[in-house]
$ cat coords06.cif   # mmCIF, C-alpha atoms and all ligand atoms
data_final
#
loop_
_atom_site.label_atom_id
_atom_site.label_comp_id
_atom_site.auth_asym_id
_atom_site.auth_seq_id
_atom_site.Cartn_x
_atom_site.Cartn_y
_atom_site.Cartn_z
CA MET A 291 99.67 128.19 119.95
CA ASP A 292 98.94 125.03 118.01
CA GLN A 293 95.64 125.82 116.40
CA PHE A 294 94.51 129.35 115.68
CA SER A 295 92.64 131.34 113.07
CA VAL A 296 93.64 134.60 111.40
CA ALA A 297 91.28 136.94 109.56
CA ILE A 298 92.84 139.43 107.18
CA VAL A 299 90.77 142.59 106.73
CA GLY A 300 91.69 143.81 103.25
CA GLY A 301 93.05 140.33 102.55
CA THR A 302 92.44 140.75 98.81
CA GLY A 303 95.25 143.33 98.63
CA ASN A 304 99.00 143.14 98.19
CA LEU A 305 100.03 142.70 101.80
CA GLY A 306 97.06 140.62 102.93
CA SER A 307 97.29 138.10 100.09
CA ALA A 308 101.03 137.73 100.50
CA LEU A 309 100.71 137.27 104.25
CA ALA A 310 98.03 134.62 103.73
CA LEU A 311 100.46 132.54 101.68
CA ARG A 312 103.11 132.81 104.39
CA LEU A 313 100.67 131.91 107.13
CA GLY A 314 99.41 128.80 105.41
CA ALA A 315 100.52 125.99 107.67
CA PRO A 316 98.83 123.08 109.36
CA GLY A 317 96.64 124.34 112.13
CA VAL A 318 96.20 127.85 110.77
CA LYS A 319 92.75 128.71 109.52
CA LEU A 320 92.88 131.77 107.26
CA ILE A 321 89.92 133.95 106.48
CA ILE A 322 90.35 136.48 103.70
CA GLY A 323 88.13 139.51 104.27
CA SER A 324 86.91 142.06 101.78
CA ARG A 325 84.23 144.73 101.52
CA ASP A 326 82.82 142.45 98.83
CA ALA A 327 82.31 138.74 99.58
CA GLU A 328 82.65 137.78 95.89
CA LYS A 329 86.01 139.56 95.67
CA ALA A 330 87.19 137.63 98.73
CA LYS A 331 86.10 134.31 97.23
CA ASN A 332 87.88 135.14 93.97
CA ALA A 333 91.04 136.01 95.90
CA VAL A 334 90.86 132.66 97.68
CA ALA A 335 90.42 130.85 94.35
CA THR A 336 93.61 132.56 93.11
CA LEU A 337 95.61 132.00 96.29
CA ALA A 338 94.50 128.46 97.19
CA PRO A 339 96.62 126.64 94.56
CA LYS A 340 99.71 128.42 95.90
CA LEU A 341 98.94 127.63 99.53
CA ARG A 342 101.30 124.96 100.84
CA ALA A 343 99.05 123.87 103.67
CA GLY A 344 96.22 125.09 105.83
CA GLU A 345 92.67 126.07 105.18
CA MET A 346 91.47 129.31 103.55
CA LEU A 347 88.04 130.90 103.28
CA GLY A 348 86.87 134.18 101.76
CA THR A 349 84.02 136.36 102.98
CA THR A 350 83.13 139.90 104.02
CA ASN A 351 85.39 141.65 106.52
CA GLN A 352 82.59 141.51 109.11
CA GLU A 353 82.11 137.75 108.77
CA ALA A 354 85.84 137.08 108.55
CA VAL A 355 86.53 138.77 111.87
CA LYS A 356 83.80 136.85 113.70
CA GLY A 357 85.52 133.50 113.23
CA ALA A 358 89.08 134.56 114.04
CA ASP A 359 91.43 134.61 117.04
CA PHE A 360 93.72 137.19 115.41
CA VAL A 361 92.66 139.95 113.02
CA VAL A 362 95.16 141.60 110.68
CA ILE A 363 94.19 145.07 109.47
CA ALA A 364 95.67 145.43 105.98
CA VAL A 365 93.80 148.29 104.32
CA PRO A 366 95.18 151.63 103.11
CA TYR A 367 95.31 154.33 105.80
CA GLU A 368 92.44 156.23 104.10
CA GLY A 369 90.06 153.45 105.10
CA HIS A 370 91.68 152.54 108.43
CA ALA A 371 89.66 154.46 111.03
CA GLN A 372 86.33 153.77 109.39
CA MET A 373 87.11 150.07 108.98
CA VAL A 374 88.25 149.63 112.60
CA GLY A 375 85.22 151.58 113.82
CA ASP A 376 82.83 149.53 111.67
CA LEU A 377 84.30 146.27 112.97
CA LYS A 378 84.45 147.35 116.61
CA GLY A 379 81.68 145.04 117.81
CA GLN A 380 83.16 142.00 116.09
CA LEU A 381 86.73 142.77 117.19
CA ALA A 382 85.98 142.52 120.91
CA GLY A 383 88.07 139.78 122.50
CA LYS A 384 90.41 139.35 119.50
CA ILE A 385 94.04 140.35 119.09
CA VAL A 386 94.30 143.00 116.37
CA ILE A 387 97.49 143.15 114.29
CA ASP A 388 97.74 146.55 112.64
CA THR A 389 100.02 146.76 109.57
CA VAL A 390 98.80 150.14 108.39
CA VAL A 391 101.21 152.94 107.48
CA PRO A 392 99.78 156.47 107.34
CA LEU A 393 100.90 157.64 103.91
CA ASN A 394 99.90 160.59 101.80
CA LYS A 395 100.67 159.03 98.42
CA VAL A 396 104.18 157.85 99.37
CA LYS A 397 104.89 160.43 102.10
CA PRO A 398 104.52 159.21 105.68
CA PHE A 399 102.74 161.40 108.21
CA VAL A 400 101.78 161.20 111.87
CA PRO A 401 98.01 161.07 112.34
CA ALA A 402 96.23 162.98 115.13
CA ALA A 403 96.11 159.91 117.40
CA GLY A 404 99.92 159.61 117.25
CA SER A 405 100.04 156.58 114.90
CA ALA A 406 97.69 154.24 113.06
CA LEU A 407 98.10 151.75 115.92
CA GLN A 408 97.04 154.30 118.55
CA GLU A 409 94.15 155.42 116.35
CA ALA A 410 92.87 151.83 116.26
CA GLN A 411 93.42 151.38 120.00
CA GLN A 412 91.51 154.59 120.77
CA LEU A 413 88.61 153.37 118.65
CA LEU A 414 88.58 149.92 120.26
CA GLY A 415 89.30 150.98 123.83
CA SER A 416 89.88 148.05 126.16
CA GLU A 417 87.83 145.64 124.01
CA ALA A 418 90.80 144.41 121.96
CA PRO A 419 94.57 144.93 122.18
CA VAL A 420 96.13 146.40 119.04
CA ILE A 421 99.64 145.28 118.15
CA GLY A 422 101.64 146.85 115.31
CA ALA A 423 103.69 144.57 113.03
CA LEU A 424 104.91 143.93 109.49
CA HIS A 425 105.11 147.61 108.47
CA ASN A 426 108.65 147.30 107.15
CA ILE A 427 108.30 144.05 105.20
CA SER A 428 107.74 144.07 101.45
CA ALA A 429 104.59 142.32 100.23
CA VAL A 430 106.66 141.07 97.29
CA ASP A 431 109.01 139.17 99.63
CA LEU A 432 106.16 138.01 101.84
CA GLY A 433 104.36 136.50 98.86
CA ASP A 434 107.46 134.60 97.71
CA VAL A 435 107.36 132.04 100.50
CA ASP A 436 110.93 130.85 99.94
CA SER A 437 112.54 134.27 100.04
CA PRO A 438 114.23 135.54 103.22
CA LEU A 439 112.45 138.27 105.13
CA GLY A 440 113.73 141.34 106.94
CA ASP A 441 113.28 141.79 110.66
CA VAL A 442 109.91 142.73 112.12
CA LEU A 443 109.47 145.26 114.91
CA VAL A 444 106.36 144.43 116.92
CA CYS A 445 104.97 147.12 119.20
CA GLY A 446 102.01 147.66 121.48
CA ASP A 447 101.03 148.10 125.10
CA ASP A 448 99.64 144.62 125.83
CA ASN A 449 102.69 142.44 126.46
CA ALA A 450 100.86 139.09 126.37
CA ALA A 451 99.22 139.92 123.03
CA LYS A 452 102.54 141.23 121.69
CA GLN A 453 104.22 137.95 122.61
CA LYS A 454 101.62 135.97 120.68
CA VAL A 455 101.98 138.19 117.63
CA MET A 456 105.76 137.76 117.79
CA GLU A 457 105.23 133.99 117.73
CA ILE A 458 103.15 134.35 114.56
CA ILE A 459 105.85 136.50 112.97
CA GLN A 460 108.49 133.88 113.78
CA ARG A 461 106.21 131.29 112.25
CA ILE A 462 106.18 133.08 108.87
CA GLY A 463 109.98 132.97 108.79
CA ALA A 464 110.95 136.45 110.03
CA ASN A 465 112.79 137.50 113.17
CA ALA A 466 110.41 139.34 115.47
CA TYR A 467 111.75 141.96 117.89
CA ASP A 468 109.80 143.61 120.68
CA GLY A 469 109.72 147.17 119.36
CA GLY A 470 108.35 148.59 122.60
CA PRO A 471 105.09 150.30 123.52
CA ALA A 472 102.40 151.72 121.25
CA SER A 473 104.05 155.15 121.59
CA ASN A 474 106.90 153.81 119.39
CA ALA A 475 104.51 152.94 116.56
CA TYR A 476 104.83 156.24 114.68
CA VAL A 477 108.55 155.63 114.21
CA ILE A 478 108.07 152.07 112.95
CA GLU A 479 105.17 153.08 110.69
CA GLY A 480 107.10 156.10 109.38
CA LEU A 481 110.18 154.03 108.62
CA THR A 482 108.20 152.52 105.77
CA GLY A 483 108.32 155.93 104.08
CA VAL A 484 112.13 155.72 104.20
CA ILE A 485 112.03 152.19 102.79
CA ILE A 486 109.79 153.39 99.94
CA SER A 487 112.38 156.11 99.16
CA LEU A 488 115.17 153.52 99.23
CA ASN A 489 113.25 151.21 96.91
CA ARG A 490 112.70 154.09 94.49
CA LYS A 491 116.28 155.32 94.64
CA TYR A 492 117.84 151.88 94.23
CA LYS A 493 115.15 150.40 91.96
CA SER A 494 114.19 147.61 94.36
CA LYS A 495 111.00 145.99 95.60
CA HIS A 496 112.68 144.28 98.54
CA GLY A 497 113.77 147.05 100.93
CA SER A 498 113.37 146.11 104.59
CA ILE A 499 115.18 146.47 107.92
CA LYS A 500 117.72 144.41 109.83
CA ILE A 501 118.40 144.84 113.56
CA THR A 502 122.02 144.40 114.62
CA GLY A 503 123.81 144.33 117.95
CA ILE A 504 121.12 142.56 119.96
CA VAL A 505 122.73 139.41 121.31
CA ASN A 506 120.09 137.97 123.64
CA HIS A 507 117.37 137.68 121.08
N1 LIG B 601 102.18 146.46 100.25
C1 LIG B 601 103.19 146.41 101.09
O1 LIG B 601 104.31 146.00 100.72
C2 LIG B 601 103.00 146.83 102.54
C3 LIG B 601 104.04 146.62 103.45
C4 LIG B 601 103.87 146.97 104.78
C5 LIG B 601 102.67 147.56 105.19
N2 LIG B 601 101.69 147.78 104.29
C6 LIG B 601 100.43 148.39 104.75
O2 LIG B 601 99.41 147.43 104.60
C7 LIG B 601 98.19 148.05 104.24
C8 LIG B 601 97.68 147.39 102.97
O3 LIG B 601 98.58 147.62 101.93
P1 LIG B 601 98.33 146.99 100.48
O4 LIG B 601 99.48 147.36 99.65
O5 LIG B 601 97.94 145.56 100.63
O6 LIG B 601 97.05 147.85 100.04
P2 LIG B 601 96.04 147.62 98.85
O7 LIG B 601 96.39 146.40 98.08
O8 LIG B 601 95.93 148.92 98.11
O9 LIG B 601 94.66 147.45 99.64
C9 LIG B 601 94.37 146.32 100.43
C10 LIG B 601 92.89 146.08 100.42
O10 LIG B 601 92.23 147.07 101.20
C11 LIG B 601 90.89 147.22 100.73
N3 LIG B 601 90.64 148.65 100.61
C12 LIG B 601 91.11 149.51 99.69
N4 LIG B 601 90.72 150.78 99.94
C13 LIG B 601 89.96 150.68 101.06
C14 LIG B 601 89.23 151.65 101.83
N5 LIG B 601 89.22 152.95 101.51
N6 LIG B 601 88.55 151.22 102.91
C15 LIG B 601 88.56 149.90 103.26
N7 LIG B 601 89.20 148.94 102.56
C16 LIG B 601 89.91 149.35 101.49
C17 LIG B 601 90.81 146.51 99.39
O11 LIG B 601 90.08 145.30 99.60
P3 LIG B 601 88.55 145.09 99.16
O12 LIG B 601 88.30 145.97 97.96
O13 LIG B 601 88.55 143.64 98.83
O14 LIG B 601 87.75 145.46 100.35
C18 LIG B 601 92.24 146.18 99.05
O15 LIG B 601 92.38 144.97 98.35
C19 LIG B 601 98.50 149.54 104.02
O16 LIG B 601 98.05 150.29 105.12
C20 LIG B 601 100.01 149.59 103.91
O17 LIG B 601 100.54 150.79 104.45
C21 LIG B 601 101.82 147.42 102.99
#

$ encode --input "coords06.cif" --output "structure tokens"
Amino acid sequence: MDQFSVAIVGGTGNLGSALALRLGAPGVKLIIGSRDAEKAKNAVATLAPKLRAGEMLGTTNQEAVKGADFVVIAVPYEGHAQMVGDLKGQLAGKIVIDTVVPLNKVKPFVPAAGSALQEAQQLLGSEAPVIGALHNISAVDLGDVDSPLGDVLVCGDDNAAKQKVMEIIQRIGANAYDGGPASNAYVIEGLTGVIISLNRKYKSKHGSIKITGIVNH
């Protein structure tokens, strides 16, 4: 994967903006999406001076998705189903990376579909594979491009798409592990609720996960 483009739906937010800075590298075209094109352009104006390399554009979520190979969904769970449904036509043929954690304020819950990932996959059907990733990484660490990152569990039912997403995760400086099928997503998504509790308890903004005991990684 030498040259590829990544659209970030909700790219004006904490996770999306931080991820954009990490992804900035030669050959990566980044498109920051927003419900409001002006907001996306303003986000790009703020982020661009901090971008080490690469190209970054800002536009509406709909336009952002059209020009991308990979699409990261980085909106709060409240807007997840509607956003994926609204973008369905444009998402066909792309690889969708779902970062969304179903949270009620800070409490995790399991949505009717089984997980946010499965909800997106049900909405998209066979038009686009949905791969879950980055749920357990702090946006604060992601945005500080020199800081070490925790491990990333990547899950989903399309193995070829999952492999490509794992390559992207490695590229941003984190260890990617195959976290299994989409049916594992609720555990990985829900773990973020535990990390939020840990951060609160221990007054941190950097809680994450580390996998141990896997030798052939
Ligand atoms: N923050 C983290 O550390 C972190 C870590 C792991 C996973 N996540 C997950 O990543 C996702 C984004 O988190 P975040 O902290 O970046 O959220 P955020 O900053 O609150 O929101 C991200 C962006 O989503 C858009 N948005 C807000 N409400 C929306 C709605 N109802 N419908 C559609 N779009 C909406 C907004 O963009 P526009 O107004 O420009 O459209 C906003 O800038 C969440 O699902 C979260 O669970 C976050």

$ closest_residue --input "coords06.cif" --among "A:Lys340, A:Glu409, A:Ile427, A:Ile387" --to "Gln453 (chain A)" --atoms "only C-alpha atoms"
A:Ile387

$ residues_near_ligand --input "coords06.cif" --ligand "ligand LIG 601 (chain B)" --cutoff "9 Å" --atoms "all atoms listed in the file" --output "mmCIF file with C-alpha atoms, in the coordinates of the input"
data_model
loop_
_atom_site.group_PDB
_atom_site.id
_atom_site.type_symbol
_atom_site.label_atom_id
_atom_site.label_comp_id
_atom_site.auth_asym_id
_atom_site.auth_seq_id
_atom_site.Cartn_x
_atom_site.Cartn_y
_atom_site.Cartn_z
ATOM 1 C CA VAL A 299 90.770 142.590 106.730
ATOM 2 C CA GLY A 300 91.690 143.810 103.250
ATOM 3 C CA GLY A 301 93.050 140.330 102.550
ATOM 4 C CA THR A 302 92.440 140.750 98.810
ATOM 5 C CA GLY A 303 95.250 143.330 98.630
ATOM 6 C CA ASN A 304 99.000 143.140 98.190
ATOM 7 C CA LEU A 305 100.030 142.700 101.800
ATOM 8 C CA GLY A 306 97.060 140.620 102.930
ATOM 9 C CA SER A 307 97.290 138.100 100.090
ATOM 10 C CA ALA A 308 101.030 137.730 100.500
ATOM 11 C CA ILE A 322 90.350 136.480 103.700
ATOM 12 C CA GLY A 323 88.130 139.510 104.270
ATOM 13 C CA SER A 324 86.910 142.060 101.780
ATOM 14 C CA ARG A 325 84.230 144.730 101.520
ATOM 15 C CA ASP A 326 82.820 142.450 98.830
ATOM 16 C CA ALA A 327 82.310 138.740 99.580
ATOM 17 C CA GLU A 328 82.650 137.780 95.890
ATOM 18 C CA LYS A 329 86.010 139.560 95.670
ATOM 19 C CA ALA A 330 87.190 137.630 98.730
ATOM 20 C CA ALA A 333 91.040 136.010 95.900
ATOM 21 C CA THR A 350 83.130 139.900 104.020
ATOM 22 C CA ASN A 351 85.390 141.650 106.520
ATOM 23 C CA ILE A 363 94.190 145.070 109.470
ATOM 24 C CA ALA A 364 95.670 145.430 105.980
ATOM 25 C CA VAL A 365 93.800 148.290 104.320
ATOM 26 C CA PRO A 366 95.180 151.630 103.110
ATOM 27 C CA TYR A 367 95.310 154.330 105.800
ATOM 28 C CA GLU A 368 92.440 156.230 104.100
ATOM 29 C CA GLY A 369 90.060 153.450 105.100
ATOM 30 C CA HIS A 370 91.680 152.540 108.430
ATOM 31 C CA ALA A 371 89.660 154.460 111.030
ATOM 32 C CA GLN A 372 86.330 153.770 109.390
ATOM 33 C CA MET A 373 87.110 150.070 108.980
ATOM 34 C CA ASP A 388 97.740 146.550 112.640
ATOM 35 C CA THR A 389 100.020 146.760 109.570
ATOM 36 C CA VAL A 390 98.800 150.140 108.390
ATOM 37 C CA VAL A 391 101.210 152.940 107.480
ATOM 38 C CA PRO A 392 99.780 156.470 107.340
ATOM 39 C CA LEU A 393 100.900 157.640 103.910
ATOM 40 C CA ALA A 406 97.690 154.240 113.060
ATOM 41 C CA ALA A 423 103.690 144.570 113.030
ATOM 42 C CA LEU A 424 104.910 143.930 109.490
ATOM 43 C CA HIS A 425 105.110 147.610 108.470
ATOM 44 C CA ASN A 426 108.650 147.300 107.150
ATOM 45 C CA ILE A 427 108.300 144.050 105.200
ATOM 46 C CA SER A 428 107.740 144.070 101.450
ATOM 47 C CA ALA A 429 104.590 142.320 100.230
ATOM 48 C CA VAL A 430 106.660 141.070 97.290
ATOM 49 C CA ASP A 431 109.010 139.170 99.630
ATOM 50 C CA LEU A 432 106.160 138.010 101.840
ATOM 51 C CA GLU A 479 105.170 153.080 110.690
ATOM 52 C CA THR A 482 108.200 152.520 105.770
ATOM 53 C CA LYS A 495 111.000 145.990 95.600
ATOM 54 C CA HIS A 496 112.680 144.280 98.540
#

$ atom_distance --input "coords06.cif" --atom1 "CA of Gly422 (chain A)" --atom2 "CA of Val444 (chain A)"
5.5 Å

$ closest_residue --input "coords06.cif" --among "A:Leu337, A:Val484, A:Ile458, A:Ala297" --to "Val396 (chain A)" --atoms "all atoms listed in the file"
A:Val484

$ atom_distance --input "coords06.cif" --atom1 "CA of Leu481 (chain A)" --atom2 "CA of Val296 (chain A)"
25.7 Å

$ closest_residue --input "coords06.cif" --among "A:Val442, A:Ala338, A:Val420, A:Val362" --to "Gly314 (chain A)" --atoms "all atoms listed in the file"
A:Ala338

$ closest_residue --input "coords06.cif" --among "A:Tyr492, A:Ile321, A:Leu341, A:Asp359" --to "Lys454 (chain A)" --atoms "all atoms listed in the file"
A:Asp359

$ closest_residue --input "coords06.cif" --among "A:Val477, A:Leu413, A:Leu313, A:Ile462" --to "Pro438 (chain A)" --atoms "all atoms listed in the file"
A:Ile462

$ atom_distance --input "coords06.cif" --atom1 "CA of Val455 (chain A)" --atom2 "CA of Gln408 (chain A)"
16.9 Å
